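Just structure.txt here, compact mmCIF, C-alpha atoms:
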# COMPACT_ATOMS: atom_id res chain seq x y z
CA MET S 30 -19.16 17.95 186.74
CA THR S 31 -16.01 18.96 188.56
CA THR S 32 -16.23 16.37 191.33
CA VAL S 33 -14.43 13.03 191.11
CA GLU S 34 -16.49 9.97 190.45
CA GLU S 35 -18.45 8.91 193.48
CA MET S 36 -17.46 5.72 195.30
CA ALA S 37 -20.37 3.27 195.20
CA CYS S 38 -21.34 1.44 198.39
CA GLN S 39 -20.30 -1.87 196.84
CA GLU S 40 -16.78 -0.55 196.28
CA LEU S 41 -16.59 1.24 199.60
CA VAL S 42 -17.26 -1.85 201.71
CA GLU S 43 -14.21 -3.52 200.11
CA ARG S 44 -11.99 -0.55 200.97
CA VAL S 45 -12.71 -0.26 204.69
CA THR S 46 -9.49 -1.97 205.79
CA ASP S 47 -7.50 0.19 203.33
CA TYR S 48 -9.15 3.19 204.96
CA LEU S 49 -8.45 2.04 208.53
CA ASP S 50 -4.82 1.31 207.55
CA ALA S 51 -4.49 4.78 205.99
CA ALA S 52 -3.64 3.09 202.70
CA LEU S 53 -6.03 4.98 200.43
CA THR S 54 -4.72 7.51 197.94
CA ASP S 55 -5.67 11.10 198.69
CA ALA S 56 -8.32 11.02 195.96
CA ASP S 57 -9.84 7.77 197.24
CA LEU S 58 -9.70 9.02 200.81
CA THR S 59 -11.80 12.03 199.80
CA ARG S 60 -14.25 9.81 197.90
CA PHE S 61 -14.46 7.44 200.87
CA GLU S 62 -15.06 10.12 203.49
CA GLU S 63 -17.52 12.08 201.38
CA HIS S 64 -19.50 8.92 200.79
CA VAL S 65 -19.55 7.88 204.45
CA ASP S 66 -20.76 11.36 205.45
CA GLU S 67 -23.73 11.01 203.13
CA CYS S 68 -24.58 7.32 203.43
CA PRO S 69 -25.93 5.85 206.69
CA GLY S 70 -25.49 2.29 205.37
CA CYS S 71 -21.77 2.69 204.70
CA GLU S 72 -21.28 4.67 207.90
CA GLU S 73 -22.76 1.73 209.78
CA VAL S 74 -20.50 -0.75 207.97
CA LEU S 75 -17.44 1.34 208.82
CA HIS S 76 -18.50 1.37 212.49
CA GLN S 77 -19.11 -2.38 212.32
CA PHE S 78 -15.58 -3.02 211.07
CA GLN S 79 -14.25 -0.80 213.86
CA ALA S 80 -16.34 -2.81 216.34
CA VAL S 81 -14.92 -6.07 214.91
CA VAL S 82 -11.34 -4.82 215.37
CA GLU S 83 -12.14 -3.68 218.90
CA LEU S 84 -13.82 -6.97 219.87
CA THR S 85 -11.09 -9.11 218.28
CA GLY S 86 -8.60 -7.14 220.34
CA HIS S 87 -10.27 -8.49 223.45
CA LEU S 88 -9.32 -12.05 222.52
CA GLU S 89 -6.10 -12.39 224.46
CA PRO S 90 -3.26 -14.24 222.73
CA ALA S 91 -3.44 -16.65 225.67
CA ASP S 92 -7.15 -16.97 225.08
CA VAL S 93 -6.63 -18.72 221.78
CA ALA S 94 -3.39 -20.58 222.38
CA ALA S 95 -0.71 -20.53 225.02
CA ILE S 96 2.59 -22.30 225.51
CA ASP S 97 2.12 -25.52 227.44
CA ALA S 98 4.13 -26.19 230.59
CA THR S 99 6.11 -29.10 229.10
CA THR S 100 7.28 -27.09 226.10
CA ARG S 101 8.15 -24.16 228.32
CA ASP S 102 10.23 -26.35 230.66
CA THR S 103 12.01 -28.01 227.73
CA LEU S 104 12.90 -24.61 226.29
CA LEU S 105 14.02 -23.25 229.64
CA ASP S 106 16.28 -26.31 230.04
CA ALA S 107 17.71 -25.61 226.59
CA PHE S 108 18.26 -22.03 227.67
CA ARG S 109 20.16 -23.08 230.83
CA THR S 110 22.32 -25.49 228.84
CA TRP S 111 23.10 -22.74 226.33
CA HIS S 112 23.87 -20.27 229.11
CA ASN S 113 26.15 -22.70 230.98
CA GLU S 114 28.03 -23.66 227.82
CA ARG S 115 28.95 -20.09 227.01
CA GLN S 116 30.22 -19.21 230.50
CA MET M 16 5.60 5.45 222.21
CA GLU M 17 7.84 4.08 219.48
CA GLN M 18 10.83 5.30 221.43
CA GLU M 19 9.56 3.47 224.47
CA LEU M 20 8.97 0.25 222.53
CA ALA M 21 12.39 0.48 220.96
CA SER M 22 14.13 0.94 224.30
CA SER M 23 12.22 -1.90 225.97
CA GLU M 24 13.26 -4.12 223.05
CA ASP M 25 16.87 -2.94 223.40
CA GLU M 26 16.69 -3.89 227.04
CA LEU M 27 15.25 -7.32 226.23
CA VAL M 28 18.03 -8.00 223.72
CA ILE M 29 20.67 -6.94 226.24
CA ARG M 30 19.14 -9.20 228.88
CA LEU M 31 19.00 -12.13 226.45
CA LYS M 32 22.63 -11.65 225.49
CA ALA M 33 23.47 -11.59 229.20
CA GLY M 34 21.72 -14.93 229.68
CA ASP M 35 18.75 -13.62 231.68
CA GLU M 36 16.35 -16.56 231.96
CA LEU M 37 13.33 -14.38 232.75
CA ALA M 38 13.88 -12.47 229.53
CA PHE M 39 13.94 -15.72 227.56
CA ARG M 40 10.87 -16.95 229.38
CA SER M 41 8.85 -13.85 228.51
CA LEU M 42 9.96 -14.24 224.91
CA ILE M 43 8.80 -17.85 224.59
CA GLU M 44 5.54 -17.12 226.39
CA GLU M 45 4.81 -14.37 223.92
CA TYR M 46 5.95 -15.99 220.69
CA ASN M 47 5.83 -19.76 221.01
CA ALA M 48 2.13 -20.11 220.14
CA PRO M 49 2.12 -17.74 217.14
CA LEU M 50 5.35 -19.29 215.85
CA ARG M 51 3.77 -22.71 216.09
CA ARG M 52 0.76 -21.61 214.06
CA VAL M 53 2.98 -20.25 211.30
CA ALA M 54 5.20 -23.36 211.35
CA ARG M 55 2.19 -25.63 211.08
CA ARG M 56 1.44 -24.31 207.61
CA TYR M 57 4.77 -25.52 206.27
CA VAL M 58 4.96 -28.98 207.77
CA ALA M 59 2.62 -31.93 207.75
CA THR M 60 2.10 -32.62 211.44
CA ASP M 61 1.77 -30.86 214.82
CA ALA M 62 4.82 -32.80 216.01
CA ALA M 63 6.89 -31.51 213.09
CA ALA M 64 5.72 -27.96 213.82
CA ASP M 65 6.83 -28.37 217.44
CA GLU M 66 10.27 -29.44 216.24
CA VAL M 67 10.51 -26.47 213.91
CA VAL M 68 9.65 -24.10 216.75
CA GLN M 69 12.14 -25.75 219.11
CA ASP M 70 14.85 -25.52 216.45
CA THR M 71 13.89 -21.86 216.01
CA TRP M 72 14.51 -21.16 219.70
CA VAL M 73 17.84 -22.97 219.50
CA GLY M 74 18.64 -20.78 216.49
CA VAL M 75 17.66 -17.68 218.48
CA LEU M 76 20.03 -18.63 221.31
CA ARG M 77 22.87 -19.46 218.93
CA GLY M 78 22.41 -16.25 216.99
CA ILE M 79 21.56 -13.71 219.68
CA ASP M 80 25.17 -12.62 220.26
CA ARG M 81 25.46 -11.72 216.57
CA PHE M 82 22.01 -10.10 216.37
CA GLU M 83 22.63 -6.43 215.59
CA GLN M 84 19.02 -5.22 215.65
CA ARG M 85 18.95 -4.20 212.01
CA SER M 86 15.42 -5.60 212.10
CA SER M 87 13.13 -5.92 215.10
CA LEU M 88 13.66 -8.91 217.36
CA LYS M 89 10.27 -10.24 216.36
CA THR M 90 11.01 -10.07 212.62
CA TRP M 91 14.39 -11.70 213.18
CA ILE M 92 12.80 -14.60 215.09
CA TYR M 93 10.17 -15.11 212.39
CA ARG M 94 12.83 -15.17 209.70
CA ILE M 95 14.70 -17.91 211.55
CA LEU M 96 11.45 -19.83 211.86
CA LEU M 97 10.58 -19.46 208.18
CA ASN M 98 14.03 -20.66 207.08
CA ILE M 99 13.77 -23.76 209.24
CA ALA M 100 10.11 -24.40 208.39
CA ARG M 101 10.71 -24.12 204.64
CA THR M 102 13.71 -26.42 204.69
CA ARG M 103 11.74 -28.92 206.70
CA GLY M 104 8.66 -28.46 204.50
CA VAL M 105 10.66 -29.17 201.35
CA ARG M 106 12.08 -32.28 202.96
CA ASP M 107 8.54 -33.37 203.86
CA LYS M 108 7.38 -32.39 200.35
CA ARG M 109 4.91 -29.97 201.81
CA SER M 110 6.18 -26.56 200.94
CA ILE M 111 3.35 -24.08 200.61
CA PRO M 112 4.67 -20.57 200.25
CA PHE M 113 2.47 -18.15 202.14
CA ALA M 114 2.18 -15.74 199.24
CA SER M 115 0.80 -18.35 196.88
CA LEU M 116 -2.00 -19.03 199.32
CA ALA M 117 -2.46 -15.34 199.93
CA ALA M 118 -4.84 -15.21 197.03
CA ASP M 119 -7.24 -17.75 198.51
CA ASP M 120 -10.79 -16.63 197.71
CA LYS M 121 -9.65 -13.06 197.18
CA ASP M 122 -11.69 -12.62 194.04
CA GLY M 123 -15.10 -12.95 195.61
CA PRO M 124 -16.74 -9.91 197.18
CA THR M 125 -17.08 -9.78 200.98
CA PHE M 126 -20.71 -8.62 200.75
CA GLU M 127 -23.19 -10.58 198.63
CA PRO M 128 -23.89 -8.76 195.32
CA GLU M 129 -27.63 -9.06 196.03
CA ARG M 130 -27.25 -6.52 198.80
CA PHE M 131 -26.60 -3.80 196.23
CA GLN M 132 -28.70 -2.35 193.44
CA HIS M 133 -28.03 -3.80 189.99
CA ALA M 134 -27.05 -2.06 186.78
CA ASN M 135 -30.61 -1.23 185.73
CA ASP M 136 -31.70 -0.03 189.19
CA PRO M 137 -31.76 3.71 190.02
CA HIS M 138 -28.42 3.70 191.91
CA PRO M 139 -26.25 0.80 190.73
CA GLY M 140 -23.76 -0.38 193.33
CA HIS M 141 -25.59 1.34 196.19
CA TRP M 142 -27.39 -0.47 198.99
CA ALA M 143 -30.60 -2.23 198.02
CA ALA M 144 -31.47 -1.97 201.74
CA PHE M 145 -29.26 -0.47 204.43
CA PRO M 146 -27.52 -2.98 206.65
CA THR M 147 -29.05 -3.49 210.09
CA ARG M 148 -27.58 -1.17 212.66
CA TRP M 149 -25.87 -3.00 215.51
CA HIS M 150 -22.48 -1.38 216.00
CA ASP M 151 -23.78 0.57 219.01
CA GLN M 152 -25.69 -2.27 220.65
CA PRO M 153 -25.05 -2.30 224.41
CA GLU M 154 -23.56 -5.78 224.12
CA ILE M 155 -20.90 -4.51 221.72
CA ARG M 156 -20.01 -1.58 223.95
CA ALA M 157 -19.86 -3.76 227.02
CA VAL M 158 -17.77 -6.40 225.14
CA GLY M 159 -20.25 -9.08 226.23
CA HIS M 160 -19.22 -12.70 226.65
CA GLU M 161 -21.59 -13.88 223.93
CA THR M 162 -20.32 -11.34 221.41
CA ILE M 163 -16.74 -12.36 222.14
CA ALA M 164 -17.74 -16.01 221.71
CA VAL M 165 -19.21 -15.22 218.28
CA VAL M 166 -15.97 -13.50 217.24
CA ARG M 167 -13.81 -16.32 218.57
CA ALA M 168 -15.84 -19.01 216.79
CA ALA M 169 -15.78 -17.08 213.51
CA LEU M 170 -12.03 -16.50 213.83
CA GLU M 171 -11.38 -20.19 214.23
CA MET M 172 -13.34 -20.87 211.02
CA LEU M 173 -11.22 -18.50 208.90
CA PRO M 174 -8.86 -19.95 206.27
CA PRO M 175 -5.36 -20.24 207.79
CA ASN M 176 -3.82 -17.23 206.07
CA GLN M 177 -6.64 -14.85 206.87
CA GLN M 178 -6.69 -16.16 210.41
CA GLU M 179 -2.97 -15.66 210.87
CA VAL M 180 -3.04 -12.08 209.64
CA VAL M 181 -6.12 -11.22 211.76
CA ARG M 182 -4.50 -12.77 214.83
CA LEU M 183 -1.22 -10.92 214.37
CA ARG M 184 -2.79 -7.58 213.52
CA ASP M 185 -5.90 -7.44 215.68
CA ILE M 186 -5.06 -9.71 218.64
CA GLU M 187 -1.32 -9.41 218.96
CA GLY M 188 -1.24 -5.80 217.80
CA TRP M 189 1.45 -6.11 215.14
CA THR M 190 1.82 -3.31 212.62
CA SER M 191 1.15 -3.90 208.96
CA ALA M 192 4.89 -3.62 208.22
CA GLU M 193 5.77 -6.21 210.87
CA VAL M 194 3.27 -8.71 209.47
CA CYS M 195 4.50 -8.15 205.91
CA ASN M 196 8.12 -8.63 206.99
CA ALA M 197 7.57 -11.69 209.11
CA LEU M 198 5.25 -13.49 206.69
CA GLU M 199 6.89 -12.13 203.54
CA LEU M 200 3.65 -10.72 202.19
CA THR M 201 3.16 -7.61 200.10
CA GLU M 202 1.25 -4.77 201.76
CA THR M 203 -1.59 -5.37 199.34
CA ASN M 204 -1.86 -9.10 199.99
CA GLN M 205 -1.68 -8.52 203.68
CA ARG M 206 -4.56 -6.05 203.58
CA VAL M 207 -6.66 -8.31 201.35
CA LEU M 208 -6.25 -11.15 203.85
CA LEU M 209 -6.98 -8.87 206.79
CA HIS M 210 -10.05 -7.37 205.16
CA ARG M 211 -11.48 -10.72 204.12
CA GLY M 212 -10.94 -12.10 207.60
CA ARG M 213 -12.48 -9.09 209.32
CA ALA M 214 -15.38 -9.14 206.87
CA LYS M 215 -16.22 -12.71 207.89
CA LEU M 216 -16.14 -11.78 211.56
CA ARG M 217 -18.41 -8.85 210.75
CA ALA M 218 -20.81 -11.15 208.90
CA ALA M 219 -20.89 -13.52 211.88
CA LEU M 220 -21.81 -10.65 214.20
CA GLU M 221 -24.43 -9.45 211.71
CA THR M 222 -26.08 -12.87 211.75
CA TYR M 223 -25.88 -13.00 215.53
CA PHE M 224 -27.46 -9.58 216.01
CA SER M 225 -30.17 -9.99 213.38
CA GLU M 226 -31.22 -13.21 215.10
CA ALA M 227 -31.05 -11.60 218.52
CA MET M 228 -32.99 -8.52 217.41
CA SER M 229 -35.73 -10.43 215.61
CA ALA M 230 -36.17 -12.87 218.50

Represent the supplied structure as structure tokens.
Amino acid sequence: MTTVEEMACQELVERVTDYLDAALTDADLTRFEEHVDECPGCEEVLHQFQAVVELTGHLEPADVAAIDATTRDTLLDAFRTWHNERQ
Amino acid sequence: MEQELASSEDELVIRLKAGDELAFRSLIEEYNAPLRRVARRYVATDAAADEVVQDTWVGVLRGIDRFEQRSSLKTWIYRILLNIARTRGVRDKRSIPFASLAADDKDGPTFEPERFQHANDPHPGHWAAFPTRWHDQPEIRAVGHETIAVVRAALEMLPPNQQEVVRLRDIEGWTSAEVCNALELTETNQRVLLHRGRAKLRAALETYFSEAMSA
């Protein structure tokens, strides 16, 4: 056997974010990609994680929480005071 | 791209230093909510978190003239926030360093062990049965309202640290380095949190699609 040890599915599914962040070592990257090429289950899981990232990206920051008008006005007042004081 | 980002940030800093109110307004609209979420982890109440964030903005205004852009504007603002939040958290006896919570539930696998073959099966560690295919469902491609609702609900259920990292990385588009700097996490901890968070969103979609497809 000259090939490196195969990456099992159970290990691969825990390394998907490392893969997407380009944080795998060269050896693990090879093991990861060789496995995904051969394994429809892991290929699907990789695509699912990519779909999750894509879908999450559609949640706008404003969609989950935005600055309320009162806070914004208070901060803008503070800004004007600061600006006037340094003139 | 990076060049472009850098120059638009340079411009923003110049405008802030010049006292341009619109520049400040765009800054608070972008960062107030995420700052508040981070602050909330260090202090006991929403009201205290609001004070921390307000003090942070005051600190930004007081410090902007001396800000030399050795770090990004974003990282600099988060560092001001963390200093204030920690001081306040210690005073309120509620100091929870992010890194110590970073390990929350990190030891458990993100896929149930039953989904894989066991040691005495023909291929230990390989799928017992392949996961259901749904990544190319039309609803995913079309970014359907229901799918988005599933993701949003699952996101809100995540533990605070996982949620924060997923929000910053996948919603607000921060780089890994920016998240690590702002939250003072190691690269490894950051990726563990991100992966565990994403894995739970994936599991929520899996449940949603297996119910939809068997209906």

Within 6 Å of chain S, which residues belong to chain M? Use all atoms listed in the file and report them as a PDB file with C-alpha atoms, keeping the file's coordinate frame.
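Produced file part.pdb, reproduced below:
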ATOM      1  CA  GLY M  34      21.720 -14.930 229.680  1.00  0.00           C
ATOM      2  CA  ALA M  48       2.130 -20.110 220.140  1.00  0.00           C
ATOM      3  CA  GLY M 140     -23.760  -0.380 193.330  1.00  0.00           C
ATOM      4  CA  HIS M 141     -25.590   1.340 196.190  1.00  0.00           C
ATOM      5  CA  PHE M 145     -29.260  -0.470 204.430  1.00  0.00           C
ATOM      6  CA  PRO M 146     -27.520  -2.980 206.650  1.00  0.00           C
ATOM      7  CA  HIS M 150     -22.480  -1.380 216.000  1.00  0.00           C
ATOM      8  CA  ASP M 185      -5.900  -7.440 215.680  1.00  0.00           C
ATOM      9  CA  ILE M 186      -5.060  -9.710 218.640  1.00  0.00           C
ATOM     10  CA  HIS M 210     -10.050  -7.370 205.160  1.00  0.00           C
TER      11      HIS M 210
END

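Going from CA of Phe82 in chain M to CA of Glu24 in chain M covers 12.5 Å.
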
(Q) What's the separation between CA of Thr71 in chain M and CA of Leu96 in chain M, in Å to one decimal place? (A)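 One can read the CA of Thr71 in chain M to CA of Leu96 in chain M distance as 5.2 Å.
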
Q | Pairwise distance for CA of Phe126 in chain M and CA of Leu198 in chain M, rounded to one decimal in Å | A | 27.1 Å

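The smallest atom-to-atom distance between Ala64 in chain M and any of M:Leu97, M:Gly78, M:Lys89, M:Arg156, using only C-alpha atoms, is found for M:Leu97.
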
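With only C-alpha atoms as the atoms that count, the minimum distance from Ser23 in chain M to the choices M:Leu88, M:Met228, M:Val53, M:Ile79 is reached by M:Leu88.
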
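Using all atoms listed in the file, the nearest neighbour of Glu199 in chain M within the list M:Ala164, M:Val75, M:Met172, M:Val180 is M:Val180.
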
Q. Which neighbours of range 54-60 of chain S fall inside 8 Å, counting all atoms listed in the file, when residues of the same chain fewer than 2 positions from it are skipped, and could you give them as a PyMOL selection string?
A. chain S and resi 33-36+48+52+62-64

Dump of C-alpha atoms for the selected residues, as a CSV table (one decimal), in the frame of the given file:
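Contents of again-v4.csv, freshly written:
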chain,number,residue,atom,x,y,z
S,33,VAL,CA,-14.4,13.0,191.1
S,34,GLU,CA,-16.5,10.0,190.4
S,35,GLU,CA,-18.4,8.9,193.5
S,36,MET,CA,-17.5,5.7,195.3
S,48,TYR,CA,-9.2,3.2,205.0
S,52,ALA,CA,-3.6,3.1,202.7
S,62,GLU,CA,-15.1,10.1,203.5
S,63,GLU,CA,-17.5,12.1,201.4
S,64,HIS,CA,-19.5,8.9,200.8
